[in-house]
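J.: Have a peek at upload-v4.txt (compact mmCIF, C-alpha atoms and all ligand atoms).
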# COMPACT_ATOMS: atom_id res chain seq x y z
CA MET B 1 0.00 0.00 0.00
CA LYS B 2 1.52 3.28 -1.18
CA ILE B 3 0.00 6.50 0.07
CA THR B 4 0.78 10.00 -1.20
CA VAL B 5 0.03 13.12 0.80
CA VAL B 6 0.18 16.43 -1.09
CA GLY B 7 0.71 19.56 1.00
CA ALA B 8 2.75 17.46 3.42
CA GLY B 9 5.19 20.28 4.11
CA GLY B 10 2.24 21.99 5.83
CA ASN B 11 0.31 21.31 9.00
CA VAL B 12 -2.60 19.04 8.00
CA GLY B 13 -0.60 17.11 5.41
CA SER B 14 2.31 16.38 7.70
CA THR B 15 -0.05 15.27 10.46
CA ALA B 16 -1.90 12.97 8.04
CA ALA B 17 1.41 11.52 6.81
CA LEU B 18 2.67 10.85 10.34
CA THR B 19 -0.65 9.37 11.49
CA VAL B 20 -0.72 7.02 8.50
CA ALA B 21 2.82 5.90 9.36
CA GLN B 22 2.08 5.47 13.05
CA ARG B 23 -0.90 3.26 12.25
CA ASN B 24 1.46 1.03 10.31
CA PHE B 25 -0.92 -0.20 7.59
CA ALA B 26 1.01 1.16 4.59
CA LYS B 27 4.37 0.21 3.14
CA GLN B 28 5.24 3.74 2.05
CA VAL B 29 4.11 7.34 2.47
CA VAL B 30 5.25 9.84 -0.16
CA ALA B 31 5.06 13.40 1.18
CA ILE B 32 4.77 16.00 -1.60
CA ASP B 33 5.03 19.78 -1.36
CA LEU B 34 6.49 22.73 -3.23
CA GLU B 35 10.09 23.81 -2.85
CA LYS B 36 10.27 27.15 -1.03
CA LYS B 37 12.67 29.93 -2.10
CA ASP B 38 13.98 32.40 0.48
CA GLY B 39 16.45 34.74 -1.20
CA GLU B 40 19.29 32.59 -2.51
CA LYS B 41 18.23 29.62 -0.45
CA THR B 42 15.81 26.83 -1.38
CA PHE B 43 14.01 24.84 1.33
CA TYR B 44 12.28 21.47 0.99
CA PRO B 45 9.57 21.34 3.68
CA ALA B 46 8.05 18.00 2.67
CA LYS B 47 11.46 16.33 2.48
CA GLY B 48 12.43 17.79 5.85
CA ARG B 49 9.23 16.87 7.68
CA ALA B 50 9.16 13.36 6.20
CA LEU B 51 12.77 12.77 7.20
CA ASP B 52 12.11 14.00 10.74
CA GLN B 53 9.00 11.80 10.93
CA TRP B 54 10.82 8.74 9.59
CA GLN B 55 13.30 9.21 12.41
CA THR B 56 10.44 8.69 14.89
CA ALA B 57 9.91 5.16 13.53
CA PRO B 58 12.35 3.52 15.97
CA ILE B 59 10.66 5.38 18.86
CA HIS B 60 7.04 4.80 17.86
CA GLY B 61 7.77 1.35 16.44
CA PHE B 62 6.33 1.55 12.93
CA SER B 63 7.69 0.20 9.64
CA THR B 64 5.95 2.50 7.13
CA HIS B 65 8.67 4.38 5.25
CA LEU B 66 8.16 8.14 4.91
CA PHE B 67 9.81 9.93 2.05
CA GLY B 68 9.52 13.60 0.98
CA SER B 69 9.68 14.98 -2.56
CA SER B 70 8.50 17.74 -4.88
CA ASN B 71 8.51 15.42 -7.90
CA TYR B 72 5.28 13.65 -8.88
CA GLU B 73 7.31 10.83 -10.50
CA ASP B 74 7.83 9.64 -6.92
CA THR B 75 4.07 9.26 -6.42
CA LYS B 76 3.77 6.72 -9.26
CA GLY B 77 1.47 3.81 -8.43
CA SER B 78 -0.09 5.36 -5.31
CA ASP B 79 -3.10 3.42 -4.04
CA ILE B 80 -4.44 6.41 -2.11
CA CYS B 81 -3.69 10.14 -2.46
CA ILE B 82 -4.60 12.64 0.25
CA ILE B 83 -4.79 16.26 -0.98
CA THR B 84 -4.19 18.90 1.69
CA ALA B 85 -2.47 21.40 -0.62
CA GLY B 86 -3.83 24.90 -0.41
CA VAL B 87 -4.21 27.91 1.80
CA PRO B 88 -5.80 27.75 5.26
CA ARG B 89 -8.09 30.52 6.47
CA ARG B 90 -7.08 33.29 8.85
CA PRO B 91 -9.24 34.99 11.50
CA GLY B 92 -12.19 36.80 9.94
CA MET B 93 -12.30 34.56 6.85
CA SER B 94 -14.85 31.89 5.96
CA ARG B 95 -13.80 28.64 4.30
CA ASP B 96 -15.52 29.84 1.11
CA ASP B 97 -13.09 32.79 0.95
CA LEU B 98 -10.43 30.21 -0.03
CA LEU B 99 -12.37 29.04 -3.05
CA SER B 100 -10.62 30.80 -5.90
CA ILE B 101 -7.05 30.29 -4.69
CA ASN B 102 -7.50 26.66 -3.66
CA ALA B 103 -9.53 25.58 -6.72
CA ASN B 104 -6.59 26.11 -9.03
CA ILE B 105 -4.19 24.38 -6.64
CA VAL B 106 -6.46 21.34 -6.18
CA LYS B 107 -7.09 21.06 -9.92
CA SER B 108 -3.41 21.13 -10.81
CA VAL B 109 -2.40 18.75 -7.99
CA THR B 110 -5.11 16.26 -8.98
CA GLU B 111 -4.06 16.28 -12.63
CA GLN B 112 -0.47 15.53 -11.67
CA LEU B 113 -1.51 12.76 -9.27
CA VAL B 114 -3.73 10.86 -11.72
CA ALA B 115 -1.11 11.23 -14.47
CA HIS B 116 1.12 8.98 -12.35
CA SER B 117 -1.54 6.90 -10.54
CA PRO B 118 -4.52 6.50 -12.89
CA ASP B 119 -6.36 4.07 -10.57
CA THR B 120 -5.80 5.87 -7.30
CA ILE B 121 -8.38 6.77 -4.66
CA ILE B 122 -8.39 10.45 -3.69
CA ILE B 123 -9.24 11.92 -0.30
CA VAL B 124 -9.59 15.72 -0.46
CA VAL B 125 -9.01 17.85 2.63
CA SER B 126 -8.41 21.34 1.16
CA ASN B 127 -11.16 23.92 1.80
CA PRO B 128 -13.87 24.78 0.99
CA LEU B 129 -14.12 21.03 1.30
CA ASP B 130 -17.22 19.98 -0.61
CA VAL B 131 -16.42 22.23 -3.57
CA MET B 132 -12.73 21.21 -3.64
CA THR B 133 -13.81 17.56 -3.69
CA TYR B 134 -15.91 18.34 -6.76
CA VAL B 135 -12.93 20.11 -8.37
CA ALA B 136 -10.71 17.07 -7.75
CA TRP B 137 -13.33 14.67 -9.09
CA LYS B 138 -13.77 16.69 -12.28
CA ALA B 139 -10.01 17.04 -12.79
CA SER B 140 -9.33 13.37 -12.08
CA GLY B 141 -11.68 11.66 -14.55
CA LEU B 142 -12.11 8.95 -11.89
CA PRO B 143 -15.45 7.40 -10.90
CA SER B 144 -17.08 9.34 -8.06
CA SER B 145 -16.70 6.30 -5.77
CA LYS B 146 -12.94 6.93 -5.84
CA VAL B 147 -12.96 10.63 -4.99
CA MET B 148 -14.21 11.79 -1.60
CA GLY B 149 -13.79 14.55 0.93
CA MET B 150 -12.79 14.50 4.58
CA ALA B 151 -14.85 16.64 6.94
CA GLY B 152 -17.54 14.58 8.67
CA ILE B 153 -15.07 12.52 10.70
CA LEU B 154 -13.53 15.74 11.98
CA ASP B 155 -16.87 17.39 12.70
CA THR B 156 -18.18 14.30 14.53
CA ALA B 157 -14.90 14.00 16.46
CA ARG B 158 -15.34 17.56 17.74
CA TYR B 159 -18.96 16.93 18.69
CA CYS B 160 -18.03 13.67 20.45
CA ALA B 161 -15.10 15.31 22.27
CA PHE B 162 -17.35 18.10 23.61
CA LEU B 163 -19.97 15.53 24.70
CA ALA B 164 -17.35 13.35 26.39
CA GLU B 165 -16.12 16.33 28.42
CA GLU B 166 -19.63 17.34 29.44
CA LEU B 167 -20.72 13.80 30.38
CA ASN B 168 -17.36 12.74 31.85
CA VAL B 169 -17.31 9.59 29.70
CA SER B 170 -14.72 8.19 27.34
CA PRO B 171 -14.88 9.65 23.83
CA LYS B 172 -14.43 6.04 22.63
CA ASP B 173 -17.99 5.23 23.69
CA ILE B 174 -19.78 7.98 21.75
CA GLN B 175 -21.20 7.34 18.30
CA CYS B 176 -22.81 10.01 16.17
CA GLN B 177 -23.54 11.28 12.67
CA ILE B 178 -23.14 14.76 11.20
CA LEU B 179 -24.43 15.36 7.68
CA GLY B 180 -24.20 18.29 5.29
CA GLY B 181 -21.53 20.61 4.00
CA HIS B 182 -18.35 21.37 5.91
CA GLY B 183 -19.42 24.82 7.03
CA ASP B 184 -21.62 26.45 9.59
CA THR B 185 -24.69 24.78 8.02
CA MET B 186 -23.51 21.25 8.93
CA VAL B 187 -26.23 19.06 10.44
CA PRO B 188 -25.41 17.26 13.71
CA LEU B 189 -28.02 14.56 14.39
CA PRO B 190 -28.85 14.06 18.10
CA ARG B 191 -31.30 11.28 17.12
CA TYR B 192 -28.32 9.31 15.88
CA THR B 193 -26.08 10.11 18.86
CA THR B 194 -25.56 7.42 21.49
CA VAL B 195 -23.22 6.68 24.37
CA SER B 196 -22.59 2.93 24.43
CA GLY B 197 -25.99 2.50 22.80
CA ILE B 198 -27.80 4.87 25.21
CA PRO B 199 -29.66 7.64 23.32
CA ILE B 200 -27.95 10.95 24.11
CA ARG B 201 -31.14 12.70 25.21
CA GLN B 202 -31.39 10.33 28.20
CA LEU B 203 -28.04 11.64 29.46
CA ILE B 204 -28.03 15.40 28.85
CA SER B 205 -30.50 18.30 28.93
CA ASP B 206 -31.73 19.79 25.65
CA GLU B 207 -30.15 23.10 26.60
CA LYS B 208 -26.68 21.62 27.10
CA LEU B 209 -26.96 19.43 24.00
CA ASN B 210 -27.96 22.41 21.85
CA ALA B 211 -25.02 24.43 23.14
CA ILE B 212 -22.65 21.58 22.23
CA ILE B 213 -24.20 21.29 18.75
CA GLU B 214 -23.74 25.01 18.16
CA ARG B 215 -20.12 24.84 19.36
CA ALA B 216 -19.38 21.85 17.09
CA LYS B 217 -20.81 23.68 14.06
CA VAL B 218 -18.28 26.49 14.48
CA GLY B 219 -15.53 24.24 15.87
CA GLY B 220 -13.11 25.09 13.05
CA GLY B 221 -13.64 28.82 13.60
CA GLU B 222 -13.02 28.48 17.35
CA LEU B 223 -9.58 27.06 16.58
CA VAL B 224 -8.80 29.71 13.94
CA GLY B 225 -9.59 32.32 16.61
CA LEU B 226 -7.21 30.64 19.08
CA MET B 227 -4.30 29.96 16.72
CA GLY B 228 -4.54 32.52 13.89
CA THR B 229 -4.62 29.61 11.41
CA SER B 230 -6.80 26.54 11.17
CA ALA B 231 -6.57 23.20 12.94
CA TRP B 232 -4.37 20.27 11.91
CA TYR B 233 -4.10 17.50 14.51
CA ALA B 234 -7.70 16.26 14.30
CA PRO B 235 -8.02 17.00 10.54
CA GLY B 236 -4.82 15.10 9.74
CA ALA B 237 -5.82 12.17 11.94
CA ALA B 238 -9.28 12.07 10.34
CA ALA B 239 -7.85 11.88 6.82
CA ALA B 240 -5.53 9.07 7.95
CA GLN B 241 -8.50 7.18 9.41
CA MET B 242 -10.25 7.27 6.03
CA ALA B 243 -7.09 6.02 4.31
CA GLU B 244 -6.83 3.18 6.83
CA ALA B 245 -10.45 2.10 6.31
CA ILE B 246 -9.84 1.99 2.54
CA ALA B 247 -6.44 0.30 2.76
CA LEU B 248 -7.65 -2.41 5.13
CA ASP B 249 -10.92 -2.92 3.22
CA GLU B 250 -12.75 -2.40 6.49
CA ASN B 251 -16.30 -1.52 5.35
CA ARG B 252 -16.36 1.22 7.96
CA ILE B 253 -19.25 3.68 7.98
CA PHE B 254 -18.18 7.31 8.26
CA PRO B 255 -19.66 10.65 7.27
CA CYS B 256 -17.69 11.77 4.19
CA SER B 257 -18.26 14.18 1.34
CA ALA B 258 -19.70 12.02 -1.47
CA TRP B 259 -21.29 12.59 -4.87
CA LEU B 260 -25.07 12.42 -4.58
CA THR B 261 -27.22 10.95 -7.33
CA GLY B 262 -30.61 11.38 -5.65
CA GLU B 263 -29.78 10.21 -2.14
CA PHE B 264 -31.38 12.31 0.62
CA GLY B 265 -33.43 14.03 -2.12
CA HIS B 266 -30.47 15.69 -3.88
CA LYS B 267 -28.15 15.08 -6.79
CA ASP B 268 -25.16 16.46 -8.66
CA LEU B 269 -23.11 17.75 -5.74
CA TYR B 270 -20.57 16.55 -3.20
CA ILE B 271 -21.77 16.89 0.40
CA GLY B 272 -21.35 15.04 3.71
CA VAL B 273 -23.40 11.84 4.07
CA PRO B 274 -22.79 8.46 5.76
CA VAL B 275 -20.82 6.16 3.44
CA LYS B 276 -19.29 2.69 3.54
CA LEU B 277 -15.53 2.81 2.95
CA ASN B 278 -13.54 -0.14 1.67
CA ARG B 279 -10.92 -1.01 -0.96
CA GLN B 280 -13.31 0.21 -3.68
CA GLY B 281 -13.47 3.65 -2.07
CA ILE B 282 -17.08 4.58 -1.35
CA SER B 283 -18.95 1.34 -1.99
CA GLU B 284 -22.29 2.65 -0.76
CA ILE B 285 -24.04 5.78 0.49
CA VAL B 286 -25.94 4.72 3.59
CA GLN B 287 -29.40 6.22 3.45
CA ILE B 288 -30.62 6.95 6.94
CA ASP B 289 -34.07 8.18 7.73
CA LEU B 290 -34.37 11.94 8.37
CA ASP B 291 -37.35 13.57 10.05
CA ALA B 292 -38.81 16.80 8.61
CA ASP B 293 -36.61 19.11 10.71
CA GLU B 294 -33.42 17.20 9.88
CA GLN B 295 -34.30 17.12 6.17
CA LYS B 296 -34.89 20.90 6.20
CA LEU B 297 -31.46 21.50 7.79
CA PHE B 298 -29.86 19.18 5.22
CA ASP B 299 -31.66 21.00 2.37
CA ASP B 300 -30.35 24.34 3.69
CA SER B 301 -26.84 22.93 3.79
CA VAL B 302 -27.20 21.67 0.19
CA ALA B 303 -28.29 25.19 -0.84
CA SER B 304 -25.20 26.67 0.76
CA VAL B 305 -22.85 24.24 -1.05
CA ARG B 306 -24.68 24.95 -4.34
CA THR B 307 -24.07 28.69 -3.89
CA ALA B 308 -20.34 27.99 -3.51
CA LEU B 309 -20.47 25.75 -6.62
CA GLU B 310 -21.98 28.65 -8.59
CA ASP B 311 -19.11 30.86 -7.40
CA LEU B 312 -16.69 28.17 -8.55
CA GLU B 313 -18.24 28.10 -11.99
CA ARG B 314 -17.93 31.89 -12.28
CA ILE B 315 -14.30 31.82 -11.13
CA MET B 316 -13.24 28.95 -13.37
CA LYS B 317 -14.67 30.74 -16.42
N1 LIG B 401 -11.54 19.41 5.40
C1 LIG B 401 -11.24 19.81 6.62
O1 LIG B 401 -11.93 19.44 7.57
C2 LIG B 401 -10.07 20.70 6.87
C3 LIG B 401 -9.46 21.33 5.82
N2 LIG B 401 -8.38 22.14 6.02
C4 LIG B 401 -7.79 22.76 4.84
O2 LIG B 401 -6.58 22.07 4.50
C5 LIG B 401 -5.73 22.94 3.77
C6 LIG B 401 -4.31 22.89 4.36
O3 LIG B 401 -4.30 23.47 5.64
P1 LIG B 401 -2.91 23.58 6.46
O4 LIG B 401 -2.17 22.31 6.37
O5 LIG B 401 -3.24 24.12 7.78
O6 LIG B 401 -2.14 24.68 5.61
P2 LIG B 401 -0.56 24.84 5.47
O7 LIG B 401 -0.33 26.20 4.89
O8 LIG B 401 0.10 24.50 6.76
O9 LIG B 401 -0.16 23.71 4.41
C7 LIG B 401 -0.61 23.74 3.09
C8 LIG B 401 0.53 23.25 2.22
O10 LIG B 401 0.07 23.16 0.88
C9 LIG B 401 1.18 23.43 0.07
N3 LIG B 401 0.81 23.76 -1.29
C10 LIG B 401 0.24 24.88 -1.78
N4 LIG B 401 0.10 24.81 -3.11
C11 LIG B 401 0.60 23.60 -3.48
C12 LIG B 401 0.76 22.96 -4.73
N5 LIG B 401 0.35 23.52 -5.87
N6 LIG B 401 1.33 21.75 -4.74
C13 LIG B 401 1.76 21.15 -3.60
N7 LIG B 401 1.63 21.73 -2.38
C14 LIG B 401 1.06 22.94 -2.34
C15 LIG B 401 1.86 24.62 0.76
O11 LIG B 401 3.21 24.76 0.32
C16 LIG B 401 1.74 24.22 2.22
O12 LIG B 401 2.89 23.54 2.70
C17 LIG B 401 -6.39 24.32 3.84
O13 LIG B 401 -7.10 24.58 2.66
C18 LIG B 401 -7.35 24.18 5.00
O14 LIG B 401 -8.43 25.09 4.93
C19 LIG B 401 -7.83 22.30 7.25
C20 LIG B 401 -8.39 21.66 8.33
C21 LIG B 401 -9.57 20.85 8.24
O1 LIG B 402 -11.81 25.87 9.98
C1 LIG B 402 -11.06 25.76 9.01
O2 LIG B 402 -10.83 26.63 8.19
C2 LIG B 402 -10.39 24.44 8.81
C3 LIG B 402 -11.42 23.40 8.91
O3 LIG B 402 -12.13 23.13 7.96
C4 LIG B 402 -11.73 22.88 10.24
O4 LIG B 402 -10.88 22.91 11.13
O5 LIG B 402 -12.86 22.42 10.40
Could you write out this file's structure as C-alpha cells?

T.:
Amino acid sequence: MKITVVGAGGNVGSTAALTVAQRNFAKQVVAIDLEKKDGEKTFYPAKGRALDQWQTAPIHGFSTHLFGSSNYEDTKGSDICIITAGVPRRPGMSRDDLLSINANIVKSVTEQLVAHSPDTIIIVVSNPLDVMTYVAWKASGLPSSKVMGMAGILDTARYCAFLAEELNVSPKDIQCQILGGHGDTMVPLPRYTTVSGIPIRQLISDEKLNAIIERAKVGGGELVGLMGTSAWYAPGAAAAQMAEAIALDENRIFPCSAWLTGEFGHKDLYIGVPVKLNRQGISEIVQIDLDADEQKLFDDSVASVRTALEDLERIMK
C-alpha cells in the first residue's frame, strides 16, 4: 500500500502523513510539497518533515517508510492520495473565501496525481471542502466512488469530544452522525447520537446538547480564533483514518463528502453523508431516515454548497 500526501510540508498534510505511518498499515508514504525559495536559499519542507517523521519510527515502532519529494514521479502507483495542498483561512475569513485560490491548486495537484496513478483513490481535505472535492473529481476523470472529501469525521470528532467532556465519559464510547456541507450549516443529528448504545437525550439536557451542537458547528472557527490559522491534529488524523479504512478494506461507515445521485433528495453535488468505505473507495451511500426538521437543515446545507459551486463556476470561467 503506497500513500501519497500532497501539501505534506504543511500542517494538515504532515499530520496525516505521520498518522498514517504510526498506524502502520502502509508500506510507504510519499510526502509532496512545493520547494520554497527564500532569497538565494531553497528549502524542501516535505522532504524535511518526512525525514524528521521517519526518524520517529524507531521510537514509535512503525515500519511505514516516509519519504519527501516535490517530484510527482515519486508518487507513481499510489493506491491512495490525500490532498491537503492549499491555503488555510485566517481569522475573519470563511472557508468559502479560499475558493478561488485553492480551486486552481487542487485542480493542478489532482491532474499531476492521476497522471502517475490513474487508478488511485483520492481523499480531499483542502477547503472549501465539498467544492474542492468536486474540483478534484472533475479534474481526475475517476469514478465518483474513488474521490471523496474529509470533513464529517472531523466534525463528529469535535462533537463527540465536547460531549465526552460534558458527560465525563470516554470519547471512545460515543457514536454520532453529522451530515451536510463542511461549514456552519452542517447538520449534527442528536437522534443518531448514542453513548454505548444509550440515546444521548437520556443523558443530557436539551439546553446543554444544543449548546454543544452550536459549538461543534463552528468548531473550526473556534480554533482559527485561538491559533490565527486553522486546525491540523484532528483533521490530519481524520484523513488518515479514512485512508486506513480503505487500505484495510474495512467496510467502515463514516460521514464523508460524497457525490449524490438522488440520495437524501439531492443530486449532482458533493456533500457530507454516511458512506461505507472499503478497498473500492465509497462502496455505498448509507441512506438513513431523516425527520422533517433534519431534512430541512440538510436541504439548507445543500443550498449553501450549491451557492459555492456557482461561485466556482464563475471563477473557473
Ligand atoms: N476538510 C477539513 O476538515 C479541513 C481542511 N483544512 C484545509 O486544508 C488545507 C491545508 O491546511 P494547512 O495544512 O493548515 O495549511 P498549510 O499552509 O500549513 O499547508 C498547506 C501546504 O500546501 C502546500 N501547497 C500549496 N500549493 C501547493 C501545490 N500547488 N502543490 C503542492 N503543495 C502545495 C503549501 O506549500 C503548504 O505547505 C487548507 O485549505 C485548510 O483550509 C484544514 C483543516 C480541516
Ligand atoms: O476551519 C477551518 O478553516 C479548517 C477546517 O475546515 C476545520 O478545522 O474544520

J.: I need the residue nearest B:Met148 from this list: B:Ala258, B:Met186, B:Leu98, B:Val218. Use only C-alpha atoms for the distance.

T.: B:Ala258

J.: Using only C-alpha atoms and all ligand atoms, which protein or nucleic acid residues are at most 8 Å from ligand LIG 401 (chain B), as JSON, numbers by chain?

T.: {"B": [6, 7, 8, 9, 10, 11, 12, 13, 14, 32, 33, 34, 35, 36, 45, 46, 70, 84, 85, 86, 87, 88, 89, 95, 98, 102, 105, 106, 108, 109, 124, 125, 126, 127, 128, 129, 149, 150, 151, 152, 154, 155, 182, 220, 229, 230, 231, 232, 234, 235, 236]}

J.: Output as JSON the centre and edge lengths (Å, one decimal) of the box along x, y and z of the file that holds every listed atom of ligand LIG 402 (chain B) after adding 3 Å on each side.

T.:
{"center_x": -11.6, "center_y": 24.5, "center_z": 9.5, "size_x": 8.5, "size_y": 10.2, "size_z": 9.2}

J.: Neighbours of B:Glu166 within 10 Å (only C-alpha atoms; same-chain residues fewer than 6 positions away dropped), as an MDAnalysis selection string?

T.: chainID B and resid 160 204 208:209 212

J.: Applying 12 Å and only C-alpha atoms, which residues near B:Phe67 remain after dropping the ones on its own chain fewer than 3 positions away? List them as a ChimeraX atom specification.

T.: /B:2-5,8-9,14,17-18,21,27-33,44-55,64,70-71,74-75

J.: Compare B:Gln22, B:Ser301, B:Ser283, B:Asn104 by their minimum atom-to-atom distance to B:Phe254, counting only C-alpha atoms, and give me the closest one.

T.: B:Ser283

J.: Hey, what's within 10 Å of B:Lys172 if we count all atoms listed in the file and toss same-chain stuff fewer than 4 positions away? As an MDAnalysis selection string, please?

T.: chainID B and resid 160:161 164 195:196

J.: Pick the closest to B:Val302 from B:Val275, B:Leu223, B:Val187, B:Ala103: which is it, counting all atoms listed in the file?

T.: B:Val187

J.: Counting all atoms listed in the file, which of B:Asn168, B:Ser100, B:Glu73, B:Tyr192 gets nearest to B:Arg314?

T.: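 The shortest atom-to-atom distance to B:Arg314 comes from B:Ser100.
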
J.: Calculate how many Å separate atom CA of B:Ser69 from atom CA of B:Met1, rounding to one decimal.

T.: 18.0 Å

J.: Using all atoms listed in the file, pick whichever of B:Ile101, B:Ala16, B:Ile246, B:Ile83 has the shortest atom-to-atom distance to B:Trp137.

T.: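 Among B:Ile101, B:Ala16, B:Ile246, B:Ile83, it is B:Ile83 that comes nearest to B:Trp137.
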
J.: At a cut-off of 10 Å, using only C-alpha atoms, what residues contact B:Tyr159? Leave out same-chain residues fewer than 2 positions from it and give the result as a list in words.

T.: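 Here the answer would be Ile153, Leu154, Asp155, Thr156, Ala157, Ala161, Phe162, Leu163, Ala164, Pro171, Ile174, Gln175, Cys176, Gln177, Ile178, Pro188, Thr193, Leu209, Ile212, Ile213, Glu214, Arg215, Ala216, Lys217 and Gly219 of chain B.
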
J.: Quick one: stretch 176-192 of chain B with N, CA and C atoms, as a PDB file, in the coordinates of the input?

T.:
ATOM      1  N   CYS B 176     -21.894   8.976  16.655  1.00  0.00           N
ATOM      2  CA  CYS B 176     -22.810  10.010  16.170  1.00  0.00           C
ATOM      3  C   CYS B 176     -22.681  10.185  14.665  1.00  0.00           C
ATOM      4  N   GLN B 177     -23.571  10.952  14.102  1.00  0.00           N
ATOM      5  CA  GLN B 177     -23.540  11.280  12.670  1.00  0.00           C
ATOM      6  C   GLN B 177     -23.721  12.787  12.510  1.00  0.00           C
ATOM      7  N   ILE B 178     -22.922  13.373  11.620  1.00  0.00           N
ATOM      8  CA  ILE B 178     -23.140  14.760  11.200  1.00  0.00           C
ATOM      9  C   ILE B 178     -23.208  14.762   9.683  1.00  0.00           C
ATOM     10  N   LEU B 179     -24.280  15.288   9.140  1.00  0.00           N
ATOM     11  CA  LEU B 179     -24.430  15.360   7.680  1.00  0.00           C
ATOM     12  C   LEU B 179     -24.199  16.794   7.199  1.00  0.00           C
ATOM     13  N   GLY B 180     -24.215  16.957   5.879  1.00  0.00           N
ATOM     14  CA  GLY B 180     -24.200  18.290   5.290  1.00  0.00           C
ATOM     15  C   GLY B 180     -22.824  18.767   4.900  1.00  0.00           C
ATOM     16  N   GLY B 181     -22.783  20.018   4.451  1.00  0.00           N
ATOM     17  CA  GLY B 181     -21.530  20.610   4.000  1.00  0.00           C
ATOM     18  C   GLY B 181     -20.624  20.930   5.168  1.00  0.00           C
ATOM     19  N   HIS B 182     -19.314  21.052   4.856  1.00  0.00           N
ATOM     20  CA  HIS B 182     -18.350  21.370   5.910  1.00  0.00           C
ATOM     21  C   HIS B 182     -18.293  22.889   6.081  1.00  0.00           C
ATOM     22  N   GLY B 183     -19.320  23.379   6.781  1.00  0.00           N
ATOM     23  CA  GLY B 183     -19.420  24.820   7.030  1.00  0.00           C
ATOM     24  C   GLY B 183     -20.387  24.977   8.188  1.00  0.00           C
ATOM     25  N   ASP B 184     -20.776  26.212   8.423  1.00  0.00           N
ATOM     26  CA  ASP B 184     -21.620  26.450   9.590  1.00  0.00           C
ATOM     27  C   ASP B 184     -23.024  25.871   9.430  1.00  0.00           C
ATOM     28  N   THR B 185     -23.366  25.385   8.216  1.00  0.00           N
ATOM     29  CA  THR B 185     -24.690  24.780   8.020  1.00  0.00           C
ATOM     30  C   THR B 185     -24.667  23.260   8.197  1.00  0.00           C
ATOM     31  N   MET B 186     -23.550  22.717   8.728  1.00  0.00           N
ATOM     32  CA  MET B 186     -23.510  21.250   8.930  1.00  0.00           C
ATOM     33  C   MET B 186     -24.652  20.817   9.851  1.00  0.00           C
ATOM     34  N   VAL B 187     -25.019  19.536   9.761  1.00  0.00           N
ATOM     35  CA  VAL B 187     -26.230  19.060  10.440  1.00  0.00           C
ATOM     36  C   VAL B 187     -25.926  17.943  11.448  1.00  0.00           C
ATOM     37  N   PRO B 188     -25.592  18.298  12.686  1.00  0.00           N
ATOM     38  CA  PRO B 188     -25.410  17.260  13.710  1.00  0.00           C
ATOM     39  C   PRO B 188     -26.766  16.599  14.005  1.00  0.00           C
ATOM     40  N   LEU B 189     -26.765  15.299  14.227  1.00  0.00           N
ATOM     41  CA  LEU B 189     -28.020  14.560  14.390  1.00  0.00           C
ATOM     42  C   LEU B 189     -28.109  13.917  15.788  1.00  0.00           C
ATOM     43  N   PRO B 190     -28.719  14.632  16.748  1.00  0.00           N
ATOM     44  CA  PRO B 190     -28.850  14.060  18.100  1.00  0.00           C
ATOM     45  C   PRO B 190     -29.614  12.729  18.104  1.00  0.00           C
ATOM     46  N   ARG B 191     -30.534  12.551  17.161  1.00  0.00           N
ATOM     47  CA  ARG B 191     -31.300  11.280  17.120  1.00  0.00           C
ATOM     48  C   ARG B 191     -30.395  10.098  16.822  1.00  0.00           C
ATOM     49  N   TYR B 192     -29.265  10.374  16.203  1.00  0.00           N
ATOM     50  CA  TYR B 192     -28.320   9.310  15.880  1.00  0.00           C
ATOM     51  C   TYR B 192     -27.059   9.395  16.749  1.00  0.00           C
TER      52      TYR B 192
END
